[in-house]
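Next comes coords36.pdb, a file with PDB, C-alpha atoms.
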ATOM      1  CA  MET A   1      14.656   1.024  22.752  1.00  0.00           C
ATOM      2  CA  ASN A   2      14.828   2.557  19.311  1.00  0.00           C
ATOM      3  CA  PRO A   3      12.493   5.586  19.420  1.00  0.00           C
ATOM      4  CA  ASP A   4      11.525   4.908  15.803  1.00  0.00           C
ATOM      5  CA  LEU A   5       9.736   1.778  16.992  1.00  0.00           C
ATOM      6  CA  LEU A   6       7.494   3.920  19.198  1.00  0.00           C
ATOM      7  CA  ASN A   7       6.920   6.763  16.771  1.00  0.00           C
ATOM      8  CA  PRO A   8       7.991   5.765  13.268  1.00  0.00           C
ATOM      9  CA  TRP A   9       6.496   8.803  11.514  1.00  0.00           C
ATOM     10  CA  ASN A  10       8.091  12.139  10.845  1.00  0.00           C
ATOM     11  CA  ALA A  11       6.076  15.326  10.529  1.00  0.00           C
ATOM     12  CA  ALA A  12       6.062  15.070   6.737  1.00  0.00           C
ATOM     13  CA  GLY A  13       4.339  11.669   6.843  1.00  0.00           C
ATOM     14  CA  TRP A  14       7.251   9.355   6.021  1.00  0.00           C
ATOM     15  CA  HIS A  15       7.939   6.088   7.849  1.00  0.00           C
ATOM     16  CA  ALA A  16      11.345   5.768   9.505  1.00  0.00           C
ATOM     17  CA  MET A  17      11.733   2.090   8.559  1.00  0.00           C
ATOM     18  CA  ALA A  18      10.771   2.476   4.898  1.00  0.00           C
ATOM     19  CA  HIS A  19      13.077   2.876   1.951  1.00  0.00           C
ATOM     20  CA  VAL A  20      11.996   6.273   0.660  1.00  0.00           C
ATOM     21  CA  ALA A  21      11.593   6.502  -3.114  1.00  0.00           C
ATOM     22  CA  PRO A  22       9.344   9.476  -3.874  1.00  0.00           C
ATOM     23  CA  SER A  23       6.850   9.236  -6.687  1.00  0.00           C
ATOM     24  CA  PRO A  24       5.875  12.243  -8.815  1.00  0.00           C
ATOM     25  CA  TYR A  25       2.370  10.790  -9.102  1.00  0.00           C
ATOM     26  CA  PHE A  26       0.411  12.269  -6.215  1.00  0.00           C
ATOM     27  CA  ASP A  27      -1.503  15.364  -5.245  1.00  0.00           C
ATOM     28  CA  GLN A  28      -3.148  16.938  -2.216  1.00  0.00           C
ATOM     29  CA  ARG A  29      -6.096  15.372  -0.450  1.00  0.00           C
ATOM     30  CA  PRO A  30      -9.307  17.390  -0.089  1.00  0.00           C
ATOM     31  CA  VAL A  31      -9.160  19.782   2.839  1.00  0.00           C
ATOM     32  CA  GLY A  32     -10.519  18.287   6.049  1.00  0.00           C
ATOM     33  CA  VAL A  33     -10.851  14.715   4.789  1.00  0.00           C
ATOM     34  CA  GLU A  34     -10.539  11.928   7.377  1.00  0.00           C
ATOM     35  CA  ILE A  35      -8.029   9.274   6.332  1.00  0.00           C
ATOM     36  CA  ASP A  36      -9.624   6.056   7.526  1.00  0.00           C
ATOM     37  CA  LEU A  37      -9.239   3.325   4.878  1.00  0.00           C
ATOM     38  CA  LEU A  38      -6.306   1.037   4.024  1.00  0.00           C
ATOM     39  CA  VAL A  39      -6.421  -0.608   0.592  1.00  0.00           C
ATOM     40  CA  VAL A  40      -4.360  -3.736  -0.083  1.00  0.00           C
ATOM     41  CA  HIS A  41      -3.201  -4.296  -3.655  1.00  0.00           C
ATOM     42  CA  ALA A  42      -0.984  -6.811  -5.446  1.00  0.00           C
ATOM     43  CA  ILE A  43       1.502  -6.163  -8.222  1.00  0.00           C
ATOM     44  CA  SER A  44       4.432  -7.775 -10.011  1.00  0.00           C
ATOM     45  CA  LEU A  45       6.466  -6.440 -12.908  1.00  0.00           C
ATOM     46  CA  PRO A  46       6.785  -8.110 -15.266  1.00  0.00           C
ATOM     47  CA  PRO A  47       3.712 -10.175 -14.306  1.00  0.00           C
ATOM     48  CA  GLU A  48       4.564 -13.245 -12.216  1.00  0.00           C
ATOM     49  CA  GLN A  49       8.181 -12.110 -11.786  1.00  0.00           C
ATOM     50  CA  PHE A  50       9.408 -11.081  -8.372  1.00  0.00           C
ATOM     51  CA  GLY A  51      12.451  -9.231  -7.123  1.00  0.00           C
ATOM     52  CA  SER A  52      12.993  -7.350 -10.369  1.00  0.00           C
ATOM     53  CA  GLY A  53      13.049  -3.893  -8.792  1.00  0.00           C
ATOM     54  CA  GLU A  54      10.668  -2.731 -11.490  1.00  0.00           C
ATOM     55  CA  VAL A  55       7.720  -1.855  -9.229  1.00  0.00           C
ATOM     56  CA  PRO A  56       9.513   0.959  -7.371  1.00  0.00           C
ATOM     57  CA  ARG A  57      10.846   2.233 -10.696  1.00  0.00           C
ATOM     58  CA  PHE A  58       7.299   2.222 -12.083  1.00  0.00           C
ATOM     59  CA  PHE A  59       5.951   4.243  -9.171  1.00  0.00           C
ATOM     60  CA  MET A  60       8.902   6.645  -9.399  1.00  0.00           C
ATOM     61  CA  GLY A  61       8.329   7.259 -13.095  1.00  0.00           C
ATOM     62  CA  LEU A  62      11.625   5.608 -14.014  1.00  0.00           C
ATOM     63  CA  LEU A  63      10.452   2.395 -15.692  1.00  0.00           C
ATOM     64  CA  ASP A  64      12.063   1.579 -19.043  1.00  0.00           C
ATOM     65  CA  PHE A  65       8.937   0.799 -21.053  1.00  0.00           C
ATOM     66  CA  ASP A  66      10.964  -0.785 -23.849  1.00  0.00           C
ATOM     67  CA  ARG A  67      12.433  -3.405 -21.538  1.00  0.00           C
ATOM     68  CA  ASP A  68       9.459  -5.792 -21.670  1.00  0.00           C
ATOM     69  CA  PRO A  69       6.561  -6.061 -24.165  1.00  0.00           C
ATOM     70  CA  TYR A  70       4.048  -6.023 -21.308  1.00  0.00           C
ATOM     71  CA  TYR A  71       5.156  -2.541 -20.314  1.00  0.00           C
ATOM     72  CA  GLU A  72       3.714  -0.958 -23.444  1.00  0.00           C
ATOM     73  CA  GLN A  73       0.257  -0.949 -21.853  1.00  0.00           C
ATOM     74  CA  LEU A  74       1.704   0.896 -18.854  1.00  0.00           C
ATOM     75  CA  ARG A  75       3.414   3.630 -20.838  1.00  0.00           C
ATOM     76  CA  ASN A  76       0.734   6.283 -20.332  1.00  0.00           C
ATOM     77  CA  LEU A  77      -0.275   5.322 -16.799  1.00  0.00           C
ATOM     78  CA  ARG A  78       0.489   7.621 -13.891  1.00  0.00           C
ATOM     79  CA  VAL A  79      -0.040   5.583 -10.757  1.00  0.00           C
ATOM     80  CA  SER A  80       1.476   5.212  -7.326  1.00  0.00           C
ATOM     81  CA  ALA A  81       0.895   3.662  -3.937  1.00  0.00           C
ATOM     82  CA  HIS A  82       1.937   4.976  -0.574  1.00  0.00           C
ATOM     83  CA  PHE A  83       3.781   1.730   0.234  1.00  0.00           C
ATOM     84  CA  PHE A  84       5.169  -1.349  -1.503  1.00  0.00           C
ATOM     85  CA  ILE A  85       6.127  -4.556   0.330  1.00  0.00           C
ATOM     86  CA  GLU A  86       8.484  -6.917  -1.485  1.00  0.00           C
ATOM     87  CA  ARG A  87       8.518 -10.703  -1.142  1.00  0.00           C
ATOM     88  CA  ASP A  88      11.312 -10.479   1.421  1.00  0.00           C
ATOM     89  CA  GLY A  89       9.389  -7.941   3.495  1.00  0.00           C
ATOM     90  CA  LYS A  90      11.336  -4.883   2.381  1.00  0.00           C
ATOM     91  CA  LEU A  91       9.165  -1.815   2.841  1.00  0.00           C
ATOM     92  CA  TRP A  92       9.189   1.031   0.338  1.00  0.00           C
ATOM     93  CA  GLN A  93       7.380   4.329   0.673  1.00  0.00           C
ATOM     94  CA  HIS A  94       6.569   6.344  -2.429  1.00  0.00           C
ATOM     95  CA  VAL A  95       4.089   8.958  -1.208  1.00  0.00           C
ATOM     96  CA  SER A  96       3.659  10.717   2.135  1.00  0.00           C
ATOM     97  CA  VAL A  97       0.649   9.474   4.052  1.00  0.00           C
ATOM     98  CA  TRP A  98      -0.630  13.048   4.185  1.00  0.00           C
ATOM     99  CA  ASP A  99      -0.814  13.185   0.379  1.00  0.00           C
ATOM    100  CA  ARG A 100      -3.127  11.438  -2.061  1.00  0.00           C
ATOM    101  CA  ALA A 101      -1.479   8.589  -3.958  1.00  0.00           C
ATOM    102  CA  TRP A 102      -3.041   7.442  -7.213  1.00  0.00           C
ATOM    103  CA  HIS A 103      -3.744   3.783  -6.451  1.00  0.00           C
ATOM    104  CA  ALA A 104      -7.494   3.140  -6.281  1.00  0.00           C
ATOM    105  CA  GLY A 105      -8.890   4.554  -9.515  1.00  0.00           C
ATOM    106  CA  VAL A 106     -12.670   4.573  -9.871  1.00  0.00           C
ATOM    107  CA  SER A 107     -13.725   3.228  -6.505  1.00  0.00           C
ATOM    108  CA  SER A 108     -16.238   3.327  -3.681  1.00  0.00           C
ATOM    109  CA  TRP A 109     -16.449   2.032  -0.117  1.00  0.00           C
ATOM    110  CA  GLN A 110     -19.614   2.039   1.996  1.00  0.00           C
ATOM    111  CA  GLY A 111     -21.194   4.682  -0.165  1.00  0.00           C
ATOM    112  CA  ARG A 112     -18.146   6.965  -0.326  1.00  0.00           C
ATOM    113  CA  SER A 113     -16.620   7.322  -3.764  1.00  0.00           C
ATOM    114  CA  ALA A 114     -13.109   8.431  -4.749  1.00  0.00           C
ATOM    115  CA  CYS A 115     -11.267   6.212  -2.268  1.00  0.00           C
ATOM    116  CA  ASN A 116      -7.935   7.851  -3.083  1.00  0.00           C
ATOM    117  CA  ASP A 117      -9.163  10.889  -1.181  1.00  0.00           C
ATOM    118  CA  TYR A 118      -9.325   9.133   2.186  1.00  0.00           C
ATOM    119  CA  SER A 119      -7.219   5.985   1.902  1.00  0.00           C
ATOM    120  CA  ILE A 120      -3.695   4.639   2.168  1.00  0.00           C
ATOM    121  CA  GLY A 121      -2.617   2.288  -0.606  1.00  0.00           C
ATOM    122  CA  VAL A 122      -0.277  -0.641   0.093  1.00  0.00           C
ATOM    123  CA  GLU A 123       0.985  -2.805  -2.760  1.00  0.00           C
ATOM    124  CA  LEU A 124       2.208  -6.321  -1.999  1.00  0.00           C
ATOM    125  CA  GLU A 125       4.571  -7.963  -4.443  1.00  0.00           C
ATOM    126  CA  GLY A 126       2.540 -10.870  -5.737  1.00  0.00           C
ATOM    127  CA  SER A 127       0.163 -12.054  -8.406  1.00  0.00           C
ATOM    128  CA  GLU A 128      -3.234 -13.602  -8.897  1.00  0.00           C
ATOM    129  CA  SER A 129      -1.691 -17.077  -9.019  1.00  0.00           C
ATOM    130  CA  SER A 130       0.784 -16.794  -6.123  1.00  0.00           C
ATOM    131  CA  LYS A 131       0.461 -16.985  -2.362  1.00  0.00           C
ATOM    132  CA  PHE A 132       1.855 -14.199  -0.268  1.00  0.00           C
ATOM    133  CA  LEU A 133       4.650 -14.921   2.174  1.00  0.00           C
ATOM    134  CA  PRO A 134       4.524 -14.785   5.989  1.00  0.00           C
ATOM    135  CA  ILE A 135       7.017 -11.924   6.143  1.00  0.00           C
ATOM    136  CA  GLN A 136       4.714  -9.852   3.921  1.00  0.00           C
ATOM    137  CA  TYR A 137       1.806 -10.416   6.306  1.00  0.00           C
ATOM    138  CA  GLN A 138       4.068  -9.472   9.206  1.00  0.00           C
ATOM    139  CA  ARG A 139       5.179  -6.278   7.511  1.00  0.00           C
ATOM    140  CA  LEU A 140       1.633  -5.357   6.488  1.00  0.00           C
ATOM    141  CA  ALA A 141       0.315  -5.956  10.013  1.00  0.00           C
ATOM    142  CA  ALA A 142       3.085  -3.890  11.583  1.00  0.00           C
ATOM    143  CA  LEU A 143       2.521  -1.103   9.073  1.00  0.00           C
ATOM    144  CA  SER A 144      -1.221  -1.213   9.752  1.00  0.00           C
ATOM    145  CA  ARG A 145      -0.603  -0.699  13.445  1.00  0.00           C
ATOM    146  CA  ASP A 146       1.799   2.139  12.753  1.00  0.00           C
ATOM    147  CA  LEU A 147      -0.792   3.789  10.523  1.00  0.00           C
ATOM    148  CA  GLN A 148      -3.352   3.438  13.287  1.00  0.00           C
ATOM    149  CA  LYS A 149      -1.145   5.644  15.463  1.00  0.00           C
ATOM    150  CA  LEU A 150      -1.878   8.438  12.997  1.00  0.00           C
ATOM    151  CA  PHE A 151      -5.353   7.452  11.853  1.00  0.00           C
ATOM    152  CA  GLN A 152      -7.259   5.901  14.749  1.00  0.00           C
ATOM    153  CA  ALA A 153     -10.372   5.177  12.679  1.00  0.00           C
ATOM    154  CA  MET A 154      -8.330   2.848  10.437  1.00  0.00           C
ATOM    155  CA  LEU A 155      -9.405  -0.299  12.299  1.00  0.00           C
ATOM    156  CA  GLN A 156      -9.258  -3.795  10.833  1.00  0.00           C
ATOM    157  CA  GLU A 157     -12.761  -3.515   9.422  1.00  0.00           C
ATOM    158  CA  ARG A 158     -11.426  -0.685   7.293  1.00  0.00           C
ATOM    159  CA  ILE A 159      -8.556  -2.720   5.824  1.00  0.00           C
ATOM    160  CA  VAL A 160      -9.868  -3.913   2.466  1.00  0.00           C
ATOM    161  CA  GLY A 161      -8.731  -5.225  -0.877  1.00  0.00           C
ATOM    162  CA  HIS A 162      -8.683  -3.332  -4.142  1.00  0.00           C
ATOM    163  CA  ALA A 163     -11.341  -5.740  -5.390  1.00  0.00           C
ATOM    164  CA  ASP A 164     -13.602  -4.637  -2.525  1.00  0.00           C
ATOM    165  CA  ILE A 165     -13.599  -1.002  -3.602  1.00  0.00           C
ATOM    166  CA  ALA A 166     -13.598  -1.674  -7.358  1.00  0.00           C
ATOM    167  CA  PRO A 167     -15.580  -4.925  -7.736  1.00  0.00           C
ATOM    168  CA  GLY A 168     -15.609  -6.378 -11.230  1.00  0.00           C
ATOM    169  CA  ARG A 169     -12.784  -4.087 -12.285  1.00  0.00           C
ATOM    170  CA  LYS A 170      -9.959  -5.247  -9.999  1.00  0.00           C
ATOM    171  CA  TRP A 171      -9.029  -8.673  -8.602  1.00  0.00           C
ATOM    172  CA  ASP A 172      -6.315  -7.894  -6.079  1.00  0.00           C
ATOM    173  CA  PRO A 173      -4.982  -8.884  -3.667  1.00  0.00           C
ATOM    174  CA  GLY A 174      -6.579 -12.077  -5.004  1.00  0.00           C
ATOM    175  CA  PRO A 175      -6.991 -15.659  -3.791  1.00  0.00           C
ATOM    176  CA  GLY A 176      -3.359 -15.900  -2.692  1.00  0.00           C
ATOM    177  CA  PHE A 177      -4.031 -13.461   0.146  1.00  0.00           C
ATOM    178  CA  SER A 178      -5.480 -15.094   3.269  1.00  0.00           C
ATOM    179  CA  TRP A 179      -7.586 -12.622   5.188  1.00  0.00           C
ATOM    180  CA  ASP A 180      -7.903 -15.167   8.010  1.00  0.00           C
ATOM    181  CA  TYR A 181      -4.137 -15.435   8.369  1.00  0.00           C
ATOM    182  CA  PHE A 182      -3.779 -11.668   8.184  1.00  0.00           C
ATOM    183  CA  THR A 183      -6.308 -11.368  11.016  1.00  0.00           C
ATOM    184  CA  GLU A 184      -4.158 -13.658  13.180  1.00  0.00           C
ATOM    185  CA  VAL A 185      -0.971 -11.726  12.431  1.00  0.00           C
ATOM    186  CA  TYR A 186      -2.719  -8.398  12.870  1.00  0.00           C
ATOM    187  CA  ALA A 187      -3.984  -9.457  16.294  1.00  0.00           C
ATOM    188  CA  ALA A 188      -0.473 -10.564  17.281  1.00  0.00           C
ATOM    189  CA  HIS A 189       0.724  -7.053  16.453  1.00  0.00           C
ATOM    190  CA  GLY A 190      -1.874  -5.570  18.782  1.00  0.00           C
ATOM    191  CA  GLY A 191      -4.346  -4.585  16.090  1.00  0.00           C
ATOM    192  CA  ASP A 192      -7.301  -2.330  16.868  1.00  0.00           C
ATOM    193  CA  GLN A 193      -5.766  -1.029  20.085  1.00  0.00           C
ATOM    194  CA  ARG A 194      -6.350   2.674  20.058  1.00  0.00           C
ATOM    195  CA  SER A 195      -3.283   4.778  20.644  1.00  0.00           C
ATOM    196  CA  THR A 196      -2.926   6.616  23.926  1.00  0.00           C
ATOM    197  CA  GLU A 197      -0.159   8.852  22.595  1.00  0.00           C
ATOM    198  CA  THR A 198      -0.734  12.604  22.416  1.00  0.00           C
TER
END

Same coordinates, now as structure tokens:
Amino acid sequence: MNPDLLNPWNAAGWHAMAHVAPSPYFDQRPVGVEIDLLVVHAISLPPEQFGSGEVPRFFMGLLDFDRDPYYEQLRNLRVSAHFFIERDGKLWQHVSVWDRAWHAGVSSWQGRSACNDYSIGVELEGSESSKFLPIQYQRLAALSRDLQKLFQAMLQERIVGHADIAPGRKWDPGPGFSWDYFTEVYAAHGGDQRSTET
């Protein structure tokens, strides 16, 4: 068996199965913080267009802002997510899980503010008007289980949407994301089984 399937993480916090494309937009988490929240986002660039390759370029700081009129409003943004899952299930990683990606913005969960401090951000390629694809749910569920090997408190109840931590400000992952279906897929991947690895 491929050992990466058992332990997909290296010591620096990068996933063996992800396409690594480092972002310059990150910093260090507060010392001693417990990483225990997974935030699901949705993004497409340009909006409603998939497979353009623009999202990784955006997170890497390489987006050509003159390429599309919509990009002008992004010109001064410095954002990133730890992971990005394309429509075909391709997994990208832009920030080490040990570092703080800039994905949540002004946010709060169960009385704790500044969700970037203690969360992992996963962007799904999609939009407010589109449904996500089965392979994306599969990839997200598998990634969630892999993250749980590192962060055992990151149970399903702590997998939330961006709209949950920034209500009224953010909509994603939106109505096209079925939390019920994700629960089924997550369970099939052995979700919420605490790791026995040392």

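Going from CA of Ser96 (chain A) over to CA of His82 (chain A), you cover 6.6 Å.
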
Selection: 7 Å around Gln93 (chain A), only C-alpha atoms, excl. self and same-chain fewer than 5 positions, as a list in words: Ala18, His19, Val20, Ala21, His82, Phe83 and Phe84 of chain A

Just the residues within 7 Å of Pro173 (chain A), please, counting only C-alpha atoms, with nothing from its chain fewer than 6 positions along; format it as a ChimeraX atom specification. /A:40-42,161-162

Could you list, as a PDB file with C-alpha atoms, keeping the file's coordinate frame, every residue matched by the PyMOL selection byres ((chain A and resi 63) around 12) in this structure?
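Result file follows (result-v4.pdb):
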ATOM      1  CA  SER A  23       6.850   9.236  -6.687  1.00  0.00           C
ATOM      2  CA  LEU A  45       6.466  -6.440 -12.908  1.00  0.00           C
ATOM      3  CA  PRO A  46       6.785  -8.110 -15.266  1.00  0.00           C
ATOM      4  CA  SER A  52      12.993  -7.350 -10.369  1.00  0.00           C
ATOM      5  CA  GLY A  53      13.049  -3.893  -8.792  1.00  0.00           C
ATOM      6  CA  GLU A  54      10.668  -2.731 -11.490  1.00  0.00           C
ATOM      7  CA  VAL A  55       7.720  -1.855  -9.229  1.00  0.00           C
ATOM      8  CA  PRO A  56       9.513   0.959  -7.371  1.00  0.00           C
ATOM      9  CA  ARG A  57      10.846   2.233 -10.696  1.00  0.00           C
ATOM     10  CA  PHE A  58       7.299   2.222 -12.083  1.00  0.00           C
ATOM     11  CA  PHE A  59       5.951   4.243  -9.171  1.00  0.00           C
ATOM     12  CA  MET A  60       8.902   6.645  -9.399  1.00  0.00           C
ATOM     13  CA  GLY A  61       8.329   7.259 -13.095  1.00  0.00           C
ATOM     14  CA  LEU A  62      11.625   5.608 -14.014  1.00  0.00           C
ATOM     15  CA  ASP A  64      12.063   1.579 -19.043  1.00  0.00           C
ATOM     16  CA  PHE A  65       8.937   0.799 -21.053  1.00  0.00           C
ATOM     17  CA  ASP A  66      10.964  -0.785 -23.849  1.00  0.00           C
ATOM     18  CA  ARG A  67      12.433  -3.405 -21.538  1.00  0.00           C
ATOM     19  CA  ASP A  68       9.459  -5.792 -21.670  1.00  0.00           C
ATOM     20  CA  TYR A  70       4.048  -6.023 -21.308  1.00  0.00           C
ATOM     21  CA  TYR A  71       5.156  -2.541 -20.314  1.00  0.00           C
ATOM     22  CA  GLU A  72       3.714  -0.958 -23.444  1.00  0.00           C
ATOM     23  CA  LEU A  74       1.704   0.896 -18.854  1.00  0.00           C
ATOM     24  CA  ARG A  75       3.414   3.630 -20.838  1.00  0.00           C
ATOM     25  CA  ASN A  76       0.734   6.283 -20.332  1.00  0.00           C
ATOM     26  CA  LEU A  77      -0.275   5.322 -16.799  1.00  0.00           C
ATOM     27  CA  ARG A  78       0.489   7.621 -13.891  1.00  0.00           C
TER      28      ARG A  78
END

To one decimal in Å, tell me the separation between CA of Ser144 (chain A) and CA of Pro167 (chain A). 22.9 Å

Name the residues that the PyMOL selection byres ((chain A and resi 176) around 10) pulls out of this structure, and write them as an NGL selection string. :A and (42 or 126-133 or 172-175 or 177-179)

I need the output of the PyMOL selection byres ((chain A and resi 116-121) around 8) for this file as an NGL selection string; which residues are they? :A and (29-30 or 33-41 or 81-83 or 97 or 100-105 or 114-115 or 122-123)

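Counting all atoms listed in the file, Asp99 (chain A) has the following residues at most 7 Å away, ignoring those fewer than 5 positions along the same chain: Phe26, Asp27, Gln28 and Arg29 of chain A.
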
Minimum-distance residue to Phe50 (chain A), chosen among A:Trp109, A:Trp92, A:Glu125, A:Gln73 (using all atoms listed in the file): A:Glu125

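Reported to one decimal place, the separation of CA of Lys170 (chain A) from CA of Pro47 (chain A) is 15.2 Å.
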
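Closest approach to Gly168 (chain A) among A:Ser107, A:Asp146, A:Lys90, A:Ala153 is made by A:Ser107 (distances from only C-alpha atoms).
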
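The residue that comes closest to His94 (chain A), out of A:Ala166, A:Lys149, A:Pro22, A:Gly51 and on the basis of only C-alpha atoms, is A:Pro22.
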